[in-house]
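Source file: model.txt; contents: compact mmCIF, C-alpha atoms.
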```
# COMPACT_ATOMS: atom_id res chain seq x y z
CA GLY A 1 123.45 69.87 68.88
CA GLU A 2 127.10 70.16 67.99
CA SER A 3 128.89 73.24 69.18
CA VAL A 4 132.21 75.00 69.37
CA GLY A 5 133.87 75.22 72.76
CA LEU A 6 136.92 76.78 74.33
CA HIS A 7 139.38 75.17 76.73
CA LEU A 8 140.17 78.12 79.01
CA PRO A 9 137.86 80.92 80.12
CA THR A 10 140.73 83.27 81.11
CA LEU A 11 144.29 83.61 79.86
CA SER A 12 146.77 86.00 81.45
CA VAL A 13 150.02 86.88 79.66
CA GLN A 14 152.79 89.42 80.06
CA GLU A 15 152.91 92.34 77.68
CA GLY A 16 155.27 91.51 74.85
CA ASP A 17 154.85 87.75 75.19
CA ASN A 18 153.07 85.59 72.66
CA SER A 19 149.53 84.37 73.38
CA ILE A 20 147.89 81.17 72.26
CA ILE A 21 144.13 80.80 72.52
CA ASN A 22 142.66 77.39 71.85
CA CYS A 23 139.33 76.19 70.55
CA ALA A 24 137.83 72.74 70.04
CA TYR A 25 135.01 72.13 67.61
CA SER A 26 132.87 69.06 67.28
CA ASN A 27 131.16 69.41 63.89
CA SER A 28 133.42 67.56 61.48
CA ALA A 29 131.45 69.02 58.56
CA SER A 30 132.45 72.58 59.44
CA ASP A 31 134.47 74.09 56.63
CA TYR A 32 135.06 77.67 57.67
CA PHE A 33 136.34 79.11 60.92
CA ILE A 34 136.66 82.63 62.22
CA TRP A 35 138.25 84.30 65.20
CA TYR A 36 136.55 87.36 66.66
CA LYS A 37 137.76 89.83 69.24
CA GLN A 38 135.25 91.51 71.53
CA GLU A 39 136.29 94.47 73.63
CA SER A 40 134.22 95.58 76.57
CA GLY A 41 131.03 97.29 75.48
CA LYS A 42 131.53 96.55 71.80
CA GLY A 43 130.43 94.03 69.23
CA PRO A 44 132.59 91.13 68.04
CA GLN A 45 135.23 92.28 65.59
CA PHE A 46 136.59 90.03 62.84
CA ILE A 47 140.27 89.14 63.28
CA ILE A 48 141.13 86.32 60.92
CA ASP A 49 139.49 83.39 59.19
CA ILE A 50 140.55 80.07 57.74
CA ARG A 51 138.95 77.55 55.42
CA SER A 52 139.08 73.84 56.01
CA ASN A 53 141.40 73.27 53.03
CA MET A 54 144.14 75.14 54.88
CA ASP A 55 145.99 74.40 58.11
CA LYS A 56 147.60 77.76 58.73
CA ARG A 57 146.91 81.38 57.92
CA GLN A 58 148.80 84.45 58.99
CA GLY A 59 147.75 88.02 59.46
CA GLN A 60 149.34 91.00 61.10
CA ARG A 61 150.65 89.66 64.46
CA VAL A 62 148.06 86.89 64.39
CA THR A 63 148.20 83.33 63.12
CA VAL A 64 145.39 80.80 63.02
CA LEU A 65 146.17 77.09 63.01
CA LEU A 66 143.63 74.43 62.09
CA ASN A 67 144.07 70.77 62.93
CA LYS A 68 141.18 68.90 61.37
CA THR A 69 142.38 65.54 62.65
CA VAL A 70 141.69 66.48 66.25
CA LYS A 71 139.19 69.24 65.42
CA HIS A 72 141.24 71.94 67.05
CA LEU A 73 141.69 75.60 66.21
CA SER A 74 144.12 78.05 67.75
CA LEU A 75 144.83 81.76 67.59
CA GLN A 76 148.37 82.95 68.15
CA ILE A 77 148.99 86.59 68.92
CA ALA A 78 152.59 87.73 68.71
CA ALA A 79 154.07 90.34 71.03
CA THR A 80 150.84 91.04 72.88
CA GLN A 81 149.97 94.63 73.61
CA PRO A 82 147.56 96.18 76.13
CA GLY A 83 145.09 96.71 73.30
CA ASP A 84 144.86 92.97 72.82
CA SER A 85 142.97 92.63 76.10
CA ALA A 86 139.53 91.36 75.12
CA VAL A 87 137.39 88.26 74.89
CA TYR A 88 138.25 86.10 71.90
CA PHE A 89 135.68 83.86 70.26
CA CYS A 90 136.14 81.15 67.72
CA ALA A 91 133.22 80.46 65.41
CA GLU A 92 132.47 77.78 62.87
CA ASN A 93 130.27 77.52 59.87
CA ASN A 94 129.09 74.60 57.84
CA ASP A 95 128.44 76.00 54.39
CA GLY A 96 127.68 72.63 52.93
CA GLY A 97 124.90 72.04 55.40
CA GLY A 98 123.15 75.26 54.50
CA ALA A 99 123.65 76.77 57.93
CA ASP A 100 124.28 80.36 57.07
CA GLY A 101 124.90 81.60 60.59
CA LEU A 102 127.92 81.01 62.75
CA THR A 103 128.15 78.88 65.87
CA PHE A 104 130.25 80.57 68.54
CA GLY A 105 132.28 79.22 71.39
CA LYS A 106 131.93 80.64 74.88
CA GLY A 107 134.97 82.88 74.62
CA THR A 108 138.37 83.26 76.27
CA HIS A 109 139.18 86.41 78.20
CA LEU A 110 142.73 87.48 77.40
CA ILE A 111 144.33 89.66 80.07
CA ILE A 112 147.59 91.46 79.34
CA GLN A 113 149.76 92.04 82.40
CA PRO A 114 152.05 95.10 82.27
CA ASP B 1 131.77 102.07 55.21
CA ALA B 2 129.52 102.91 58.17
CA GLY B 3 129.27 99.34 59.42
CA VAL B 4 126.21 97.74 60.96
CA ILE B 5 124.21 100.34 62.86
CA GLN B 6 122.00 99.43 65.78
CA SER B 7 119.62 101.42 67.96
CA PRO B 8 119.03 101.97 70.75
CA ARG B 9 122.46 101.30 72.25
CA HIS B 10 120.98 100.98 75.72
CA GLU B 11 117.42 100.43 76.89
CA VAL B 12 115.95 99.88 80.31
CA THR B 13 112.31 98.90 80.37
CA GLU B 14 109.76 97.48 82.74
CA MET B 15 108.54 93.94 82.53
CA GLY B 16 105.54 93.65 80.25
CA GLN B 17 106.53 96.53 78.00
CA GLU B 18 107.18 96.19 74.30
CA VAL B 19 110.76 96.53 73.14
CA THR B 20 111.80 97.25 69.56
CA LEU B 21 115.43 96.99 68.48
CA ARG B 22 116.52 98.34 65.13
CA CYS B 23 119.27 97.50 62.70
CA LYS B 24 120.72 98.91 59.51
CA PRO B 25 123.02 96.37 57.83
CA ILE B 26 126.07 97.21 55.77
CA SER B 27 124.96 98.44 52.37
CA GLY B 28 124.91 95.69 49.78
CA HIS B 29 124.97 92.81 52.23
CA ASP B 30 122.53 90.02 51.46
CA TYR B 31 122.29 88.38 54.86
CA LEU B 32 121.19 89.85 58.16
CA PHE B 33 121.47 88.08 61.50
CA TRP B 34 120.16 88.73 64.98
CA TYR B 35 122.22 87.32 67.86
CA ARG B 36 121.72 87.47 71.60
CA GLN B 37 124.59 87.43 74.07
CA THR B 38 124.40 86.52 77.74
CA MET B 39 127.01 85.41 80.24
CA MET B 40 125.32 82.06 80.67
CA ARG B 41 124.67 81.16 77.04
CA GLY B 42 127.20 83.19 75.10
CA LEU B 43 126.32 84.28 71.57
CA GLU B 44 123.17 82.65 70.22
CA LEU B 45 121.75 83.00 66.74
CA LEU B 46 118.09 84.02 66.97
CA ILE B 47 117.09 84.48 63.34
CA TYR B 48 118.57 85.37 59.98
CA PHE B 49 117.33 86.80 56.71
CA ASN B 50 118.52 86.40 53.15
CA ASN B 51 117.42 89.10 50.71
CA ASN B 52 114.88 90.31 53.31
CA VAL B 53 113.28 86.87 53.67
CA PRO B 54 113.45 85.06 57.03
CA ILE B 55 115.31 81.81 56.49
CA ASP B 56 115.73 80.28 59.93
CA ASP B 57 114.01 81.47 63.09
CA SER B 58 114.60 78.31 65.10
CA GLY B 59 116.70 80.26 67.57
CA MET B 60 113.90 82.63 68.53
CA PRO B 61 113.14 81.76 72.16
CA GLU B 62 109.35 81.97 72.02
CA ASP B 63 106.39 83.71 70.49
CA ARG B 64 107.12 86.89 72.38
CA PHE B 65 109.99 87.47 69.96
CA SER B 66 109.45 88.54 66.38
CA ALA B 67 111.68 89.98 63.67
CA LYS B 68 111.00 91.71 60.40
CA MET B 69 113.03 93.00 57.49
CA PRO B 70 110.79 95.23 55.37
CA ASN B 71 113.64 96.26 53.06
CA ALA B 72 117.32 95.64 52.44
CA SER B 73 118.46 98.42 54.75
CA PHE B 74 116.33 97.91 57.84
CA SER B 75 115.35 95.21 60.31
CA THR B 76 113.60 95.13 63.66
CA LEU B 77 113.58 92.68 66.53
CA LYS B 78 110.55 93.04 68.79
CA ILE B 79 109.88 91.56 72.20
CA GLN B 80 106.30 91.76 73.45
CA PRO B 81 105.78 91.46 76.34
CA SER B 82 109.30 91.74 77.71
CA GLU B 83 110.48 89.75 80.73
CA PRO B 84 113.52 90.12 83.01
CA ARG B 85 115.11 87.01 81.51
CA ASP B 86 115.23 88.82 78.16
CA SER B 87 117.94 91.10 79.57
CA ALA B 88 120.94 90.64 77.29
CA VAL B 89 122.95 92.29 74.54
CA TYR B 90 121.31 91.92 71.16
CA PHE B 91 123.59 92.07 68.15
CA CYS B 92 122.69 92.58 64.55
CA ALA B 93 125.17 91.38 61.93
CA SER B 94 125.36 91.18 58.16
CA ARG B 95 127.41 89.70 55.34
CA TYR B 96 127.61 89.36 51.60
CA ASP B 97 126.38 86.24 49.86
CA ARG B 98 129.69 84.98 48.59
CA GLY B 99 129.50 81.23 48.95
CA VAL B 100 132.16 79.61 51.11
CA GLY B 101 133.59 82.08 53.53
CA ASN B 102 131.08 83.68 55.81
CA THR B 103 132.69 86.69 57.40
CA ILE B 104 129.91 88.24 59.40
CA TYR B 105 130.23 91.84 60.56
CA PHE B 106 128.60 92.85 63.82
CA GLY B 107 127.08 96.05 65.08
CA GLU B 108 127.89 97.47 68.50
CA GLY B 109 124.84 95.87 70.08
CA SER B 110 121.72 96.95 71.92
CA TRP B 111 122.06 96.50 75.69
CA LEU B 112 118.62 95.59 77.04
CA THR B 113 117.69 95.53 80.72
CA VAL B 114 114.19 94.47 81.71
CA VAL B 115 113.31 95.23 85.32
```

What would the structure in this file look like if it were written as structure tokens?
Amino acid sequence: GESVGLHLPTLSVQEGDNSIINCAYSNSASDYFIWYKQESGKGPQFIIDIRSNMDKRQGQRVTVLLNKTVKHLSLQIAATQPGDSAVYFCAENNDGGGADGLTFGKGTHLIIQP
Amino acid sequence: DAGVIQSPRHEVTEMGQEVTLRCKPISGHDYLFWYRQTMMRGLELLIYFNNNVPIDDSGMPEDRFSAKMPNASFSTLKIQPSEPRDSAVYFCASRYDRGVGNTIYFGEGSWLTVV
């Protein structure tokens, strides 16, 4: 079936730099997208979401960009801190199709270098 | 809010034994989900409930797996008999029924090892 995937399994950045984590999705009917952060030994934690009628949404130090033309989603983290080290998952949902769960990508491991 | 509460946090069991994982969703949430996470397959949706009724169990691997939700504040995921390939982290999650926009909140997971 269709699924969400990630381009890079590991991303290493310097503390204080900006990070960009990318995600490709294949279900063109998906209308809601979420980024989750998962720290070691913990459950996925909601970071930010975006609906398909938007192309950008900002939170505190995080920005999500949605490009529906190429079915691409990205998470930008400004001024990365050691606490940002985690695995980041994008997830999609197709509300219109009645699929009430989320489909997750494989995850990108973000490593913050001191 | 207490969040989604799962138990046990860690369990090690022998192959062939029955395993029961428990979940208390966030109060007032209408949907409850069970996910499994492994390195090979990532996060997989096993089953979900709406208002205590199972809606989609197509992700349940086989008949050894079963899930129940006897009331709005409690759900169980049972594996009988357990096998080593069932070793994984099992997450319970819940959300409100609010139409478009499906922010799902996860528990801390139950780490299962079958030896």

Can you work out the spacing between atom CA of A:Asp17 and atom CA of A:Gln113 in Å, to one decimal?
9.8 Å

Enumerate, as a PyMOL selection string, the protein, DNA and RNA residues whose atoms approach (108.9, 91.1, 76.3) to within 9 Å, taking into account all atoms listed in the file and the coordinate frame of the file.
chain B and resi 15-19+64-65+78-84+86+114

Excluding B:Pro25 and its own-chain neighbours fewer than 5 positions away, which residues fall within 6 Å of it when counting only C-alpha atoms? Please give them as a ChimeraX atom specification.
/B:4,73,94

Please produce an output containing C-alpha atoms for each residue in the selection, written as a compact mmCIF listing (two decimals), in the coordinates of the input.
```
# COMPACT_ATOMS: atom_id res chain seq x y z
CA VAL B 4 126.21 97.74 60.96
CA SER B 73 118.46 98.42 54.75
CA SER B 94 125.36 91.18 58.16
```

Compute the set of chain B residues within 6 Å of chain A, using all atoms listed in the file, and express it as a PyMOL selection string.
chain B and resi 42+106-109

Find, counting all atoms listed in the file, the residue in B:Thr76, B:Ser58, B:Ser7, B:Thr13 that gets nearest to B:Leu32.
B:Thr76

Determine the nearest neighbour of B:Asn71 from the options B:Ile47, B:Ile5, B:Met39, B:Val53, counting only C-alpha atoms.
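Using only C-alpha atoms, the shortest distance to B:Asn71 belongs to B:Val53.
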
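Distance check against A:Cys90 using all atoms listed in the file: of B:Leu43, B:Asp56, B:Ala88, B:Lys24, the minimum falls on B:Leu43.
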
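With all atoms listed in the file taken into account, the protein and nucleic acid residues at most 7 Å from A:Ile21 (excluding it and anything under 4 positions from it in its own chain) are Ser74, Leu75 and Gln76 of chain A.
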
Could you write out the selected residues, including C-alpha atoms, as a PDB file, in the coordinates of the input?
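File written: selection_13.pdb
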```
ATOM      1  CA  SER A  74     144.120  78.050  67.750  1.00  0.00           C
ATOM      2  CA  LEU A  75     144.830  81.760  67.590  1.00  0.00           C
ATOM      3  CA  GLN A  76     148.370  82.950  68.150  1.00  0.00           C
TER       4      GLN A  76
END
```

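The space between atom CA of A:Ala86 and atom CA of A:Ser52 spans 25.9 Å.
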
Would you compute the distance between atom CA of A:Ser30 and atom CA of A:Arg57? Give it in Å to one decimal.
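That distance, rounded to one decimal, is 17.0 Å.
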
Dig up all the protein and nucleic acid residues within 8 Å of (145.5, 88.1, 81.6) in the file frame, using all atoms listed in the file, and format them as a list in words.
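Counting all atoms listed in the file, I find these residues within 8 Å of (145.5, 88.1, 81.6): Thr10, Leu11, Ser12, Val13, Gln14, Ser85, His109, Leu110, Ile111, Ile112 and Gln113 of chain A.
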
Check the smallest atom-to-atom distance from each of B:Arg95, B:Arg85, B:Arg9, B:Arg41 to B:Leu21 using only C-alpha atoms, then report the winner.
B:Arg9

Which of these residues is nearest to B:Met60, using only C-alpha atoms: B:Ala72, B:Leu77, B:Leu112, B:Leu46?
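Nearest candidate to B:Met60 out of B:Ala72, B:Leu77, B:Leu112, B:Leu46: B:Leu46.
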
List the neighbours of A:Thr80 out to 6 Å using only C-alpha atoms; skip same-chain residues closer than 6 positions along the sequence, and give me the result as a PyMOL selection string.
chain A and resi 15-18
